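Novice: Have a look at this one.
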Amino acid sequence: MTPMLEVADLRHTYGSGPTAHTAVQNLKFEVAAGELACIVGPSGCGKSTLLRCIAGLIKPSEGTVSLHGDKIDRTPEDLAVVFQDYSRSLFPWLSVRGNVEFPLRSRGVARAERRKRAEEALEWVGLSGAGAKYPWQLSGGMQQRVSIARALACQPSLLLMDEPFASVDAQTRFELEDLLLRVRHEHESTVLLVTHDIDESVYLGDRVLVLSKSPASIVADLTVDLPAQRDQITTRESKNFVALRSEVARLLHNQPAAEPEPVVRPASSAAEDEAAAQRFLEAEREQTRQTSR
Ligand SMILES: Nc1ncnc2c1ncn2[C@@H]1O[C@H](COP(=O)(O)OP(=O)(O)OP(=O)(O)O)[C@@H](O)[C@H]1O
Ligand SMILES: [Mg+2]
């Protein structure tokens with residue numbers, strides 16, 4: 001059977017020449033329909049780069065990404081992304097309902113259908129009744145719920161989430177994790193979620209893909225052997241959970257230190273620094289002149 005998502009021999013290098021930086025390399029994995037796969041990796045290893053390649057936001061330097069067997073070369077309509085920073089991804093001048101409807105509008109969905117889907121999605125995330133409010137009238141956790149509702153309203157075959165709960169407090173994080181688990185079961189969604197939180201990857205995932213330090217490649221692909229029904233207290237204290245989180249932690253911490261990258265300064269930067277220092281000194285002299293008058 002064709003997998004929902006197939007990533008084959010993916011590499012992405014930013015820039016070229018001496019300043020080139022390879023963020024991800026040799027990435028190869030599949031995600032089946034209905035699966036929730038978590039990607040966990042050290043800070044800066046290339047997680048967001050991988051998601052951007054999958055979302056068709058950047059063209060990988062090498063390799064391919066396929067959705068339902070079709071090669072992705074631009075953002076597919078049936079894919080939605082939830083980012084970490086809800087405050088930058090919601091439009092402050094649009095109401096909550098307007099925000100949720102926004103991507104449907106650009107997909108040409110008729111007005112009545114847009115309204116219906118937005119109301120439904122807001123209900124799934126526990127925000128029915130908040131449609132007329134503006135994002136800035138909501139708490140951080142509520143704003144992230146709006147981002148999730150906006151993604152769900154698109155009825156995506158694949159939902160990509162980049163550290164979606166990293167900007168909220170611990171209590172809200174637990175609530176949003178459980179919200180995601182409930183929604184994905186109700187809608188049989190396929191989700192690829194990036195996190196740097198080991199516990200979160202095990203708590204949410206059917207699978208955990210562990211990435212190496214930069215440039216990221218996959219060091220392990222672990223099946224999460226936990227009941228589908230999870231609970232923040234009992235699941236986290238279960239033997240299997242504790243064993244898995246230790247295994248992921250070991251895999252992350254036992255990696256050889258990355259080769260230090262050569263620091264290459266663009267030729268112009270020394271001259272720019274010099275000019276900035278001159279401007280600073282000039283401003284300081286001017287201030288001294290003013291105050292001594
Ligand atoms: N547009 C860009 N141009 C050049 N280098 C970039 C660009 N975006 C990311 N990088 C570099 O690629 C590497 C991977 O970045 P990326 O954002 O994918 O990592 P990440 O794992 O998502 O990090 P974090 O854990 O902080 O979210 C980093 O070294 C980063 O500096
Ligand atoms: Mg990132």
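Ordered as shown in the structure tokens, chains take letters A, B, and onward, while each chain numbers its residues from 1 and ligands are numbered from 1 in the order shown.
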If you run DSSP on the backbone, which residues of stretch 128-279 of chain A are strand (DSSP E), as a list in words?

Specialist: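 Selection result, strand (DSSP E) within stretch 128-279 of chain A: Leu158, Leu159, Leu160, Met161, Asp162, Thr190, Val191, Leu192, Leu193, Val194, Thr195, Arg207, Val208, Leu209, Val210, Leu211, Ile218, Val219, Ala220, Asp221, Leu222 and Thr223 of chain A.
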
Novice: Taking only C-alpha atoms and all ligand atoms and a cut-off of 8 Å, can you tell me which residues surround ligand 2, written as a short mmCIF file (atom, residue, chain, number, x, y, z; two decimals) with C-alpha atoms, in the first residue's frame?

Specialist:
```
data_model
loop_
_atom_site.label_atom_id
_atom_site.label_comp_id
_atom_site.auth_asym_id
_atom_site.auth_seq_id
_atom_site.Cartn_x
_atom_site.Cartn_y
_atom_site.Cartn_z
CA SER A 43 17.82 22.05 19.30
CA GLY A 44 18.96 23.34 15.93
CA GLY A 46 17.14 20.55 11.40
CA LYS A 47 13.62 19.61 12.54
CA SER A 48 11.92 22.71 11.13
CA THR A 49 13.92 22.38 7.91
CA ASP A 162 6.29 22.15 14.58
CA GLU A 163 6.74 22.29 18.37
#
```

Novice: Give the residues close to ligand 1, within 12 Å, counting only C-alpha atoms and all ligand atoms; write them as a PyMOL selection string.

Specialist: chain A and resi 11-16+19-25+39-53+57-59+83-85+161-164+166-167+193-197+210-217+258+260-261

Novice: Using only C-alpha atoms, which protein or nucleic acid residues come within 7 Å of stretch 243-253 of chain A? Drop anything in the same chain fewer than 2 positions from it, and give the result as a list in words.

Specialist: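 Neighbouring residues, sequence-local ones excluded: Ile198, Asp199, Val202, Lys239, Asn240, Phe241 and Gln255 of chain A.
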
Novice: Taking C-alpha atoms for each residue, export the selection above as a CSV table (one decimal), in the first residue's frame.

Specialist:
```
chain,number,residue,atom,x,y,z
A,198,ILE,CA,11.3,13.6,25.0
A,199,ASP,CA,8.3,12.9,27.2
A,202,VAL,CA,6.5,9.3,23.8
A,239,LYS,CA,6.8,1.0,33.0
A,240,ASN,CA,6.7,1.1,29.2
A,241,PHE,CA,6.6,4.9,29.2
A,255,GLN,CA,25.6,11.0,20.2
```

Novice: DSSP on the backbone: which residues in stretch 148-193 of chain A end up as helix (DSSP H, G or I)? Give the answer as an MDAnalysis selection string.

Specialist: chainID A and resid 148:153 170:187

Novice: Atoms to include: N, CA and C atoms. Write the selected residues as a short mmCIF file (atom, residue, chain, number, x, y, z; two decimals), in the first residue's frame.

Specialist:
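Written out: part33.cif:
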```cif
data_model
loop_
_atom_site.label_atom_id
_atom_site.label_comp_id
_atom_site.auth_asym_id
_atom_site.auth_seq_id
_atom_site.Cartn_x
_atom_site.Cartn_y
_atom_site.Cartn_z
N ILE A 148 -4.89 25.34 15.81
CA ILE A 148 -5.19 23.93 15.54
C ILE A 148 -6.52 23.83 14.78
N ALA A 149 -7.52 24.63 15.23
CA ALA A 149 -8.82 24.62 14.56
C ALA A 149 -8.66 25.04 13.10
N ARG A 150 -7.83 26.05 12.87
CA ARG A 150 -7.62 26.53 11.50
C ARG A 150 -7.04 25.41 10.62
N ALA A 151 -6.10 24.65 11.21
CA ALA A 151 -5.51 23.54 10.44
C ALA A 151 -6.56 22.45 10.20
N LEU A 152 -7.35 22.13 11.22
CA LEU A 152 -8.33 21.04 11.09
C LEU A 152 -9.45 21.39 10.11
N ALA A 153 -9.81 22.70 10.07
CA ALA A 153 -10.89 23.12 9.18
C ALA A 153 -10.56 22.82 7.72
N ALA A 170 3.01 24.62 31.35
CA ALA A 170 2.99 23.15 31.45
C ALA A 170 1.56 22.59 31.52
N GLN A 171 0.70 23.26 32.30
CA GLN A 171 -0.67 22.78 32.46
C GLN A 171 -1.43 22.83 31.13
N THR A 172 -1.29 23.96 30.42
CA THR A 172 -1.95 24.12 29.12
C THR A 172 -1.39 23.12 28.12
N ARG A 173 -0.09 22.88 28.25
CA ARG A 173 0.55 21.93 27.34
C ARG A 173 -0.10 20.55 27.45
N PHE A 174 -0.31 20.11 28.69
CA PHE A 174 -0.96 18.81 28.92
C PHE A 174 -2.36 18.81 28.29
N GLU A 175 -3.09 19.91 28.50
CA GLU A 175 -4.45 19.99 27.94
C GLU A 175 -4.44 19.91 26.42
N LEU A 176 -3.50 20.63 25.82
CA LEU A 176 -3.43 20.65 24.35
C LEU A 176 -2.97 19.30 23.81
N GLU A 177 -2.07 18.63 24.54
CA GLU A 177 -1.65 17.29 24.10
C GLU A 177 -2.85 16.35 24.07
N ASP A 178 -3.67 16.43 25.14
CA ASP A 178 -4.84 15.55 25.20
C ASP A 178 -5.88 15.93 24.14
N LEU A 179 -5.97 17.22 23.87
CA LEU A 179 -6.87 17.68 22.81
C LEU A 179 -6.44 17.07 21.47
N LEU A 180 -5.13 17.10 21.20
CA LEU A 180 -4.64 16.54 19.95
C LEU A 180 -4.94 15.04 19.87
N LEU A 181 -4.72 14.32 20.97
CA LEU A 181 -4.97 12.88 20.96
C LEU A 181 -6.46 12.59 20.69
N ARG A 182 -7.32 13.37 21.33
CA ARG A 182 -8.76 13.17 21.13
C ARG A 182 -9.16 13.44 19.68
N VAL A 183 -8.72 14.59 19.18
CA VAL A 183 -9.09 15.00 17.82
C VAL A 183 -8.55 14.00 16.78
N ARG A 184 -7.31 13.54 16.99
CA ARG A 184 -6.76 12.63 15.96
C ARG A 184 -7.49 11.29 15.96
N HIS A 185 -7.97 10.85 17.14
CA HIS A 185 -8.74 9.60 17.17
C HIS A 185 -10.10 9.80 16.52
N GLU A 186 -10.74 10.94 16.84
CA GLU A 186 -12.07 11.20 16.28
C GLU A 186 -12.03 11.34 14.76
N HIS A 187 -10.94 11.90 14.25
CA HIS A 187 -10.88 12.20 12.81
C HIS A 187 -9.93 11.28 12.06
#
```
